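Some notes on the structure that comes next.
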Amino acid sequence: MEVVQRGQLFMISMSRKGRALGMITFAAPSQICFRSLQVVLEVLPATLRELVQSGKDIEAAYWELVIKDIQDACKLFESIYDETDGGDGYVSVEVSPRLADDTQGTVEAAKWLHKVVNRPNVYIKIPATAPCVPSIKEVISQGISVNVTLIFSLARYEEVIDAYLDGLEASGLSDLSRVTSVASFFVSRVDTLIDKMLEKIGTPEALDLRGKAAVAQAALAYQLYQKKFSGPRWDALVKKGAKKQRLLWASTSVKNPAYPDTLYVAPLIGPDTVSTMPDQALQAFVDHGAVSRTIDLNVSEAEGIYSALEKLGIDWNYVGTQLELEGVDSFKKSFDSLLDTLQEKANSLKLVSL
Ligand SMILES: O=C[C@H](O)COP(=O)(O)O
């Protein structure tokens with residue numbers, strides 16, 4: 001339990017009826033796995049030693065530790081999952097980031113993880129890279145719930161929604177109510193990149209748009225969400241119990257200290273959205289954030305900002321691709337560095353046990 005609590009992120013979520021927000025704990029995989037494993041290293045050297053001495057290589061030992069960790073977290077959140085009829089209380093575990101270019105490898109890894117974790121409230125986390133969009137469809141069609149991560153552009157987000165809808169339609173299940181998904185749209189990193197581009201352009205108009213791109217794009221993502229999850233195609237799936245793929249805001253901490261510290265949380269509150277927050281963003285919001293529906297208050301302003309940026313030469317697809325490359329690369333580096341740390345620990349445990 002200690003492991004889970006030290007690795008947790010939080011989310012604020014507006015209930016479907018649009019009532020007050022509840023503060024719910026939500027585990028995001030990279031953080032929960034990477035951070036909690038450091039605790040595992042402190043408190044469970046015996047387990048690691050046992051795993052290594054049983055002949056497992058370090059990656060296999062990693063997965064055993066993670067699976068147990070995720071199962072414990074799932075148990076912790078099970079009551080939320082039950083109380084909300086499968087609406088909240090999920091724990092995510094990510095397939096190896098080394099598979100981000102491998103469609104079939106990702107499908108196999110997702111199926112395996114889903115089987116071994118064996119809990120109803122687990123999300124298998126899959127990156128929204130071009131090769132993994134078809135994996136998402138396939139995995140959803142097998143009745144496996146998915147957290148789609150690393151979404152940076154509206155174009156890719158629409159492909160992700162389509163993969164979810166296609167997967168539900170292909171599933172053959174008569175009851176779709178237990179196959180759910182979140183689409184994790186990264187926010188602050190968009191400003192980090194676009195601000196640099198605007199500074200390069202350097203005109204007063206460009207400089208005035210700094211710090212506005214990310215929230216504008218996110219607000220338009222919510223418009224797309226509303227459009228795609230309505231109409232005859234969606235209604236047919238609802239008849240079979242389908243649930244909307246909720247938009248999850250990731251990367252919500254402010255990177256530029258000149259910006260308000262709730263910039264990526266306060267304007268993005270709306271029905272069925274999920275805001276993941278690291279401590280810094282959470283504390284700022286708890287201290288002086290206000291809870292009310294904000295996500296669609298300024299849609300025409302968001303459209304204006306989006307097209308003004310295009311007119312200045314900002315290519316949204318370039319931005320999405322660049323951030324995706326950086327995101328996948330950083331996930332891979334974290335994964336590699338974690339395995340290196342585990343290997344070092346295992347080596348020292350072997351020495352101690354001699
Ligand atoms: O899961 C990913 C995090 O939300 C990333 O946030 P970051 O952009 O602050 O690193």
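Residue numbering restarts at 1 for every chain of the structure tokens, chains are lettered A, B, ... in their displayed order, and ligands are numbered from 1 as they appear.
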
- [ ] Can you pull out every residue within 7 Å of segment 294-304 of chain A, counting only C-alpha atoms, but drop anything in the same chain fewer than 3 positions away, and send it as a PyMOL selection string?
- [x] chain A and resi 216-217+219-220+267-270+307-308

Hey, which bits of chain A sit within 8 Å of ligand 1, and for each residue what's the closest pair of atoms and how far apart in Å (one decimal), counting only C-alpha atoms and all ligand atoms, rows by chain and increasing number, as a tab-separated table?
residue	atom	partner	partner_atom_place_in_ligand_line	distance
A:Ala28	CA	ligand 1	1 (O)	6.2
A:Pro29	CA	ligand 1	1 (O)	7.5
A:Ser30	CA	ligand 1	1 (O)	6.3
A:Gln31	CA	ligand 1	1 (O)	6.9
A:Thr149	CA	ligand 1	1 (O)	7.7
A:Leu150	CA	ligand 1	2 (C)	7.9
A:Phe186	CA	ligand 1	4 (O)	6.7
A:Val187	CA	ligand 1	8 (O)	7.4
A:Ser188	CA	ligand 1	8 (O)	6.0
A:Arg189	CA	ligand 1	8 (O)	5.4
A:Trp249	CA	ligand 1	4 (O)	7.6
A:Ala250	CA	ligand 1	4 (O)	3.9
A:Ser251	CA	ligand 1	6 (O)	3.3
A:Thr252	CA	ligand 1	9 (O)	6.1
A:Ser253	CA	ligand 1	9 (O)	5.3
A:Val254	CA	ligand 1	9 (O)	7.5
A:Lys255	CA	ligand 1	9 (O)	7.5
A:Thr276	CA	ligand 1	4 (O)	6.7
A:Met277	CA	ligand 1	4 (O)	7.2
A:Pro278	CA	ligand 1	4 (O)	7.6

Task: Selection near Leu247 of chain A, 6 Å with only C-alpha atoms, sequence-local residues under 6 positions removed, as JSON, numbers by chain - done: {"A": [182, 183, 273]}

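Excluding Leu165 of chain A itself and same-chain residues fewer than 2 positions from it, the residues having an atom within 10 Å of it are A:Lys137, A:Ile140, A:Ser141, A:Glu159, A:Val160, A:Ile161, A:Asp162, A:Ala163, A:Gly167, A:Leu168, A:Glu169, A:Ala170, A:Ser171, A:Lys228, A:Phe229, A:Arg233, A:Trp234, A:Leu237, A:Ala242, A:Lys244, A:Gln245, counting only C-alpha atoms.
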
Serialized selection, N, CA, C and O atoms, as a PDB file, in the first residue's frame:
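After the write, part21.pdb holds the following:
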ATOM      1  N   LYS A 137      -7.052  -0.286 -31.711  1.00  0.00           N
ATOM      2  CA  LYS A 137      -8.298  -0.874 -32.221  1.00  0.00           C
ATOM      3  C   LYS A 137      -8.342  -2.376 -31.889  1.00  0.00           C
ATOM      4  O   LYS A 137      -9.341  -2.885 -31.380  1.00  0.00           O
ATOM      5  N   ILE A 140      -8.785  -3.046 -28.064  1.00  0.00           N
ATOM      6  CA  ILE A 140     -10.162  -2.735 -27.637  1.00  0.00           C
ATOM      7  C   ILE A 140     -11.113  -3.830 -28.130  1.00  0.00           C
ATOM      8  O   ILE A 140     -12.004  -4.280 -27.395  1.00  0.00           O
ATOM      9  N   SER A 141     -10.905  -4.274 -29.361  1.00  0.00           N
ATOM     10  CA  SER A 141     -11.819  -5.295 -29.920  1.00  0.00           C
ATOM     11  C   SER A 141     -11.740  -6.604 -29.144  1.00  0.00           C
ATOM     12  O   SER A 141     -12.652  -7.427 -29.202  1.00  0.00           O
ATOM     13  N   GLU A 159      -7.809  10.129 -34.807  1.00  0.00           N
ATOM     14  CA  GLU A 159      -7.495   8.728 -35.159  1.00  0.00           C
ATOM     15  C   GLU A 159      -7.669   7.813 -33.940  1.00  0.00           C
ATOM     16  O   GLU A 159      -8.098   6.663 -34.069  1.00  0.00           O
ATOM     17  N   VAL A 160      -7.309   8.325 -32.780  1.00  0.00           N
ATOM     18  CA  VAL A 160      -7.436   7.526 -31.551  1.00  0.00           C
ATOM     19  C   VAL A 160      -8.916   7.252 -31.244  1.00  0.00           C
ATOM     20  O   VAL A 160      -9.307   6.125 -30.901  1.00  0.00           O
ATOM     21  N   ILE A 161      -9.745   8.280 -31.398  1.00  0.00           N
ATOM     22  CA  ILE A 161     -11.183   8.066 -31.152  1.00  0.00           C
ATOM     23  C   ILE A 161     -11.713   7.027 -32.142  1.00  0.00           C
ATOM     24  O   ILE A 161     -12.459   6.109 -31.771  1.00  0.00           O
ATOM     25  N   ASP A 162     -11.314   7.164 -33.412  1.00  0.00           N
ATOM     26  CA  ASP A 162     -11.782   6.209 -34.424  1.00  0.00           C
ATOM     27  C   ASP A 162     -11.326   4.787 -34.103  1.00  0.00           C
ATOM     28  O   ASP A 162     -12.072   3.829 -34.300  1.00  0.00           O
ATOM     29  N   ALA A 163     -10.089   4.670 -33.595  1.00  0.00           N
ATOM     30  CA  ALA A 163      -9.595   3.333 -33.237  1.00  0.00           C
ATOM     31  C   ALA A 163     -10.461   2.733 -32.129  1.00  0.00           C
ATOM     32  O   ALA A 163     -10.773   1.535 -32.138  1.00  0.00           O
ATOM     33  N   GLY A 167     -12.758  -0.431 -32.723  1.00  0.00           N
ATOM     34  CA  GLY A 167     -12.504  -1.580 -31.855  1.00  0.00           C
ATOM     35  C   GLY A 167     -13.774  -2.062 -31.180  1.00  0.00           C
ATOM     36  O   GLY A 167     -14.046  -3.270 -31.105  1.00  0.00           O
ATOM     37  N   LEU A 168     -14.585  -1.113 -30.689  1.00  0.00           N
ATOM     38  CA  LEU A 168     -15.857  -1.507 -30.056  1.00  0.00           C
ATOM     39  C   LEU A 168     -16.746  -2.212 -31.074  1.00  0.00           C
ATOM     40  O   LEU A 168     -17.359  -3.253 -30.784  1.00  0.00           O
ATOM     41  N   GLU A 169     -16.801  -1.648 -32.295  1.00  0.00           N
ATOM     42  CA  GLU A 169     -17.669  -2.249 -33.330  1.00  0.00           C
ATOM     43  C   GLU A 169     -17.197  -3.641 -33.734  1.00  0.00           C
ATOM     44  O   GLU A 169     -18.002  -4.502 -34.074  1.00  0.00           O
ATOM     45  N   ALA A 170     -15.872  -3.838 -33.677  1.00  0.00           N
ATOM     46  CA  ALA A 170     -15.332  -5.134 -34.116  1.00  0.00           C
ATOM     47  C   ALA A 170     -15.351  -6.175 -33.005  1.00  0.00           C
ATOM     48  O   ALA A 170     -15.036  -7.340 -33.243  1.00  0.00           O
ATOM     49  N   SER A 171     -15.733  -5.769 -31.798  1.00  0.00           N
ATOM     50  CA  SER A 171     -15.511  -6.668 -30.658  1.00  0.00           C
ATOM     51  C   SER A 171     -16.409  -7.902 -30.646  1.00  0.00           C
ATOM     52  O   SER A 171     -16.018  -8.932 -30.115  1.00  0.00           O
ATOM     53  N   LYS A 228     -17.608  13.519 -31.852  1.00  0.00           N
ATOM     54  CA  LYS A 228     -17.423  12.107 -32.208  1.00  0.00           C
ATOM     55  C   LYS A 228     -18.268  11.178 -31.331  1.00  0.00           C
ATOM     56  O   LYS A 228     -18.632  10.085 -31.756  1.00  0.00           O
ATOM     57  N   PHE A 229     -18.526  11.604 -30.091  1.00  0.00           N
ATOM     58  CA  PHE A 229     -19.332  10.743 -29.227  1.00  0.00           C
ATOM     59  C   PHE A 229     -20.790  11.200 -29.200  1.00  0.00           C
ATOM     60  O   PHE A 229     -21.410  11.326 -28.147  1.00  0.00           O
ATOM     61  N   ARG A 233     -23.766   6.767 -35.244  1.00  0.00           N
ATOM     62  CA  ARG A 233     -22.758   5.720 -35.019  1.00  0.00           C
ATOM     63  C   ARG A 233     -22.574   5.475 -33.523  1.00  0.00           C
ATOM     64  O   ARG A 233     -22.564   4.324 -33.065  1.00  0.00           O
ATOM     65  N   TRP A 234     -22.440   6.557 -32.776  1.00  0.00           N
ATOM     66  CA  TRP A 234     -22.252   6.420 -31.339  1.00  0.00           C
ATOM     67  C   TRP A 234     -23.517   5.872 -30.670  1.00  0.00           C
ATOM     68  O   TRP A 234     -23.448   5.005 -29.793  1.00  0.00           O
ATOM     69  N   LEU A 237     -23.699   2.186 -30.646  1.00  0.00           N
ATOM     70  CA  LEU A 237     -22.811   1.549 -29.663  1.00  0.00           C
ATOM     71  C   LEU A 237     -23.358   1.702 -28.238  1.00  0.00           C
ATOM     72  O   LEU A 237     -23.239   0.782 -27.423  1.00  0.00           O
ATOM     73  N   ALA A 242     -21.921   0.783 -24.590  1.00  0.00           N
ATOM     74  CA  ALA A 242     -20.604   1.418 -24.725  1.00  0.00           C
ATOM     75  C   ALA A 242     -20.491   2.686 -23.886  1.00  0.00           C
ATOM     76  O   ALA A 242     -21.468   3.420 -23.712  1.00  0.00           O
ATOM     77  N   LYS A 244     -18.232   6.335 -23.259  1.00  0.00           N
ATOM     78  CA  LYS A 244     -17.364   7.266 -23.988  1.00  0.00           C
ATOM     79  C   LYS A 244     -15.907   7.093 -23.556  1.00  0.00           C
ATOM     80  O   LYS A 244     -15.635   6.796 -22.397  1.00  0.00           O
ATOM     81  N   GLN A 245     -15.027   7.324 -24.502  1.00  0.00           N
ATOM     82  CA  GLN A 245     -13.598   7.353 -24.172  1.00  0.00           C
ATOM     83  C   GLN A 245     -13.318   8.743 -23.582  1.00  0.00           C
ATOM     84  O   GLN A 245     -13.391   9.747 -24.286  1.00  0.00           O
TER      85      GLN A 245
END

Task: Which of segment 132-331 of chain A DSSP labels strand (DSSP E or B), written as a PyMOL selection string - done: chain A and resi 146-151+181-186+246-250+271+274-277

Residues from last step as file, N, CA, C and O atoms, as a PDB file, in the first residue's frame:
ATOM      1  N   VAL A 146      -8.236   0.475 -22.334  1.00  0.00           N
ATOM      2  CA  VAL A 146      -6.961   1.078 -22.746  1.00  0.00           C
ATOM      3  C   VAL A 146      -6.870   2.545 -22.314  1.00  0.00           C
ATOM      4  O   VAL A 146      -7.811   3.317 -22.492  1.00  0.00           O
ATOM      5  N   ASN A 147      -5.701   2.905 -21.801  1.00  0.00           N
ATOM      6  CA  ASN A 147      -5.336   4.312 -21.603  1.00  0.00           C
ATOM      7  C   ASN A 147      -4.401   4.660 -22.770  1.00  0.00           C
ATOM      8  O   ASN A 147      -3.290   4.149 -22.844  1.00  0.00           O
ATOM      9  N   VAL A 148      -4.885   5.482 -23.679  1.00  0.00           N
ATOM     10  CA  VAL A 148      -4.055   5.869 -24.829  1.00  0.00           C
ATOM     11  C   VAL A 148      -3.223   7.082 -24.418  1.00  0.00           C
ATOM     12  O   VAL A 148      -3.775   8.107 -24.014  1.00  0.00           O
ATOM     13  N   THR A 149      -1.913   6.971 -24.517  1.00  0.00           N
ATOM     14  CA  THR A 149      -1.064   8.052 -24.008  1.00  0.00           C
ATOM     15  C   THR A 149      -0.321   8.783 -25.129  1.00  0.00           C
ATOM     16  O   THR A 149      -0.367   8.371 -26.284  1.00  0.00           O
ATOM     17  N   LEU A 150       0.326   9.875 -24.761  1.00  0.00           N
ATOM     18  CA  LEU A 150       1.162  10.652 -25.689  1.00  0.00           C
ATOM     19  C   LEU A 150       0.380  11.169 -26.901  1.00  0.00           C
ATOM     20  O   LEU A 150       0.812  10.997 -28.039  1.00  0.00           O
ATOM     21  N   ILE A 151      -0.750  11.816 -26.648  1.00  0.00           N
ATOM     22  CA  ILE A 151      -1.502  12.475 -27.732  1.00  0.00           C
ATOM     23  C   ILE A 151      -1.162  13.972 -27.673  1.00  0.00           C
ATOM     24  O   ILE A 151      -1.293  14.608 -26.626  1.00  0.00           O
ATOM     25  N   SER A 181     -12.038   3.336 -21.971  1.00  0.00           N
ATOM     26  CA  SER A 181     -10.769   3.911 -22.418  1.00  0.00           C
ATOM     27  C   SER A 181     -10.673   5.374 -21.994  1.00  0.00           C
ATOM     28  O   SER A 181     -11.687   6.052 -21.829  1.00  0.00           O
ATOM     29  N   VAL A 182      -9.441   5.837 -21.810  1.00  0.00           N
ATOM     30  CA  VAL A 182      -9.187   7.275 -21.702  1.00  0.00           C
ATOM     31  C   VAL A 182      -8.176   7.649 -22.780  1.00  0.00           C
ATOM     32  O   VAL A 182      -7.327   6.847 -23.150  1.00  0.00           O
ATOM     33  N   ALA A 183      -8.310   8.877 -23.287  1.00  0.00           N
ATOM     34  CA  ALA A 183      -7.370   9.392 -24.286  1.00  0.00           C
ATOM     35  C   ALA A 183      -6.541  10.470 -23.590  1.00  0.00           C
ATOM     36  O   ALA A 183      -7.064  11.535 -23.247  1.00  0.00           O
ATOM     37  N   SER A 184      -5.274  10.182 -23.350  1.00  0.00           N
ATOM     38  CA  SER A 184      -4.434  11.104 -22.575  1.00  0.00           C
ATOM     39  C   SER A 184      -3.794  12.155 -23.482  1.00  0.00           C
ATOM     40  O   SER A 184      -2.857  11.867 -24.232  1.00  0.00           O
ATOM     41  N   PHE A 185      -4.343  13.339 -23.401  1.00  0.00           N
ATOM     42  CA  PHE A 185      -3.909  14.459 -24.249  1.00  0.00           C
ATOM     43  C   PHE A 185      -2.917  15.295 -23.435  1.00  0.00           C
ATOM     44  O   PHE A 185      -3.240  15.777 -22.357  1.00  0.00           O
ATOM     45  N   PHE A 186      -1.713  15.445 -23.952  1.00  0.00           N
ATOM     46  CA  PHE A 186      -0.665  16.182 -23.225  1.00  0.00           C
ATOM     47  C   PHE A 186      -0.823  17.677 -23.478  1.00  0.00           C
ATOM     48  O   PHE A 186      -0.967  18.096 -24.630  1.00  0.00           O
ATOM     49  N   ARG A 246     -13.027   8.783 -22.293  1.00  0.00           N
ATOM     50  CA  ARG A 246     -12.884  10.099 -21.642  1.00  0.00           C
ATOM     51  C   ARG A 246     -11.574  10.773 -22.021  1.00  0.00           C
ATOM     52  O   ARG A 246     -10.562  10.099 -22.231  1.00  0.00           O
ATOM     53  N   LEU A 247     -11.627  12.080 -22.094  1.00  0.00           N
ATOM     54  CA  LEU A 247     -10.409  12.854 -22.359  1.00  0.00           C
ATOM     55  C   LEU A 247      -9.667  13.042 -21.041  1.00  0.00           C
ATOM     56  O   LEU A 247     -10.259  13.506 -20.050  1.00  0.00           O
ATOM     57  N   LEU A 248      -8.413  12.711 -21.030  1.00  0.00           N
ATOM     58  CA  LEU A 248      -7.592  12.851 -19.822  1.00  0.00           C
ATOM     59  C   LEU A 248      -6.496  13.872 -20.109  1.00  0.00           C
ATOM     60  O   LEU A 248      -5.766  13.740 -21.092  1.00  0.00           O
ATOM     61  N   TRP A 249      -6.418  14.899 -19.285  1.00  0.00           N
ATOM     62  CA  TRP A 249      -5.371  15.913 -19.468  1.00  0.00           C
ATOM     63  C   TRP A 249      -4.113  15.459 -18.742  1.00  0.00           C
ATOM     64  O   TRP A 249      -4.115  15.258 -17.532  1.00  0.00           O
ATOM     65  N   ALA A 250      -3.064  15.276 -19.514  1.00  0.00           N
ATOM     66  CA  ALA A 250      -1.757  14.928 -18.942  1.00  0.00           C
ATOM     67  C   ALA A 250      -0.841  16.125 -19.125  1.00  0.00           C
ATOM     68  O   ALA A 250      -1.165  17.052 -19.866  1.00  0.00           O
ATOM     69  N   PRO A 271     -17.453  17.932 -18.051  1.00  0.00           N
ATOM     70  CA  PRO A 271     -18.000  16.597 -17.817  1.00  0.00           C
ATOM     71  C   PRO A 271     -17.145  15.517 -18.464  1.00  0.00           C
ATOM     72  O   PRO A 271     -16.726  15.657 -19.615  1.00  0.00           O
ATOM     73  N   VAL A 274     -10.742  14.091 -17.250  1.00  0.00           N
ATOM     74  CA  VAL A 274      -9.897  13.674 -16.135  1.00  0.00           C
ATOM     75  C   VAL A 274      -8.664  14.564 -16.152  1.00  0.00           C
ATOM     76  O   VAL A 274      -8.028  14.697 -17.199  1.00  0.00           O
ATOM     77  N   SER A 275      -8.345  15.182 -15.029  1.00  0.00           N
ATOM     78  CA  SER A 275      -7.110  15.971 -14.964  1.00  0.00           C
ATOM     79  C   SER A 275      -6.113  15.263 -14.067  1.00  0.00           C
ATOM     80  O   SER A 275      -6.331  15.164 -12.860  1.00  0.00           O
ATOM     81  N   THR A 276      -5.042  14.754 -14.637  1.00  0.00           N
ATOM     82  CA  THR A 276      -4.001  14.178 -13.783  1.00  0.00           C
ATOM     83  C   THR A 276      -3.092  15.315 -13.354  1.00  0.00           C
ATOM     84  O   THR A 276      -2.791  16.200 -14.155  1.00  0.00           O
ATOM     85  N   MET A 277      -2.701  15.280 -12.095  1.00  0.00           N
ATOM     86  CA  MET A 277      -1.869  16.384 -11.583  1.00  0.00           C
ATOM     87  C   MET A 277      -0.743  15.868 -10.710  1.00  0.00           C
ATOM     88  O   MET A 277      -0.992  15.123  -9.766  1.00  0.00           O
TER      89      MET A 277
END

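Across the structure, atom CA of Gly202 of chain A and atom CA of Leu323 of chain A are spaced 21.8 Å apart.
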
- [ ] Kindly give the distance, in Å, that separates atom CA of Ile58 of chain A and atom CA of Lys345 of chain A, rounded to a single decimal.
- [x]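 Separation between atom CA of Ile58 of chain A and atom CA of Lys345 of chain A: 10.2 Å.
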
Task: atom CA of Gln343 of chain A to atom CA of Val95 of chain A, straight-line distance in Å - done: 19.7 Å

TODO: Write out as a ChimeraX atom specification all residues of segment 15-168 of chain A that DSSP puts in helix (DSSP H, G or I) for this structure's backbone.
DONE: /A:29-43,45-53,58-83,97-99,103-117,130-141,154-168

- [ ] Go through A:Val117, A:Ile136, A:Ala218, A:Leu312 one by one, measure the shortest atom-to-atom distance of each to Val265 of chain A using only C-alpha atoms, and give the residue with the smallest value.
- [x]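 Checking each candidate against Val265 of chain A, we get A:Ala218 as the closest.
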
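The shell of residues at most 6 Å from Gly241 of chain A, with only C-alpha atoms counted and near chain neighbours (fewer than 3 positions) removed, consists of Asp175, Leu176, Ser177 and Val238 of chain A.
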
Output file for the selection above: all heavy atoms, as an mmCIF file, in the first residue's frame:
data_model
loop_
_atom_site.group_PDB
_atom_site.id
_atom_site.type_symbol
_atom_site.label_atom_id
_atom_site.label_comp_id
_atom_site.auth_asym_id
_atom_site.auth_seq_id
_atom_site.Cartn_x
_atom_site.Cartn_y
_atom_site.Cartn_z
ATOM 1 N N ASP A 175 -22.313 -7.042 -24.619
ATOM 2 C CA ASP A 175 -22.303 -5.982 -23.604
ATOM 3 C C ASP A 175 -20.934 -5.287 -23.642
ATOM 4 O O ASP A 175 -19.911 -5.895 -23.323
ATOM 5 C CB ASP A 175 -22.554 -6.599 -22.225
ATOM 6 C CG ASP A 175 -22.431 -5.572 -21.115
ATOM 7 O OD1 ASP A 175 -22.420 -4.346 -21.407
ATOM 8 O OD2 ASP A 175 -22.334 -5.999 -19.935
ATOM 9 N N LEU A 176 -20.947 -4.008 -24.045
ATOM 10 C CA LEU A 176 -19.679 -3.276 -24.170
ATOM 11 C C LEU A 176 -19.352 -2.456 -22.927
ATOM 12 O O LEU A 176 -18.361 -1.726 -22.911
ATOM 13 C CB LEU A 176 -19.747 -2.334 -25.382
ATOM 14 C CG LEU A 176 -19.840 -3.007 -26.753
ATOM 15 C CD1 LEU A 176 -20.086 -1.964 -27.844
ATOM 16 C CD2 LEU A 176 -18.566 -3.792 -27.055
ATOM 17 N N SER A 177 -20.161 -2.591 -21.881
ATOM 18 C CA SER A 177 -20.026 -1.643 -20.769
ATOM 19 C C SER A 177 -18.722 -1.796 -19.979
ATOM 20 O O SER A 177 -18.349 -0.900 -19.239
ATOM 21 C CB SER A 177 -21.227 -1.755 -19.829
ATOM 22 O OG SER A 177 -21.230 -3.032 -19.239
ATOM 23 N N VAL A 238 -23.976 2.853 -27.965
ATOM 24 C CA VAL A 238 -24.558 3.076 -26.630
ATOM 25 C C VAL A 238 -25.611 2.009 -26.341
ATOM 26 O O VAL A 238 -25.734 1.515 -25.213
ATOM 27 C CB VAL A 238 -25.160 4.497 -26.524
ATOM 28 C CG1 VAL A 238 -25.977 4.664 -25.240
ATOM 29 C CG2 VAL A 238 -24.061 5.551 -26.578
#
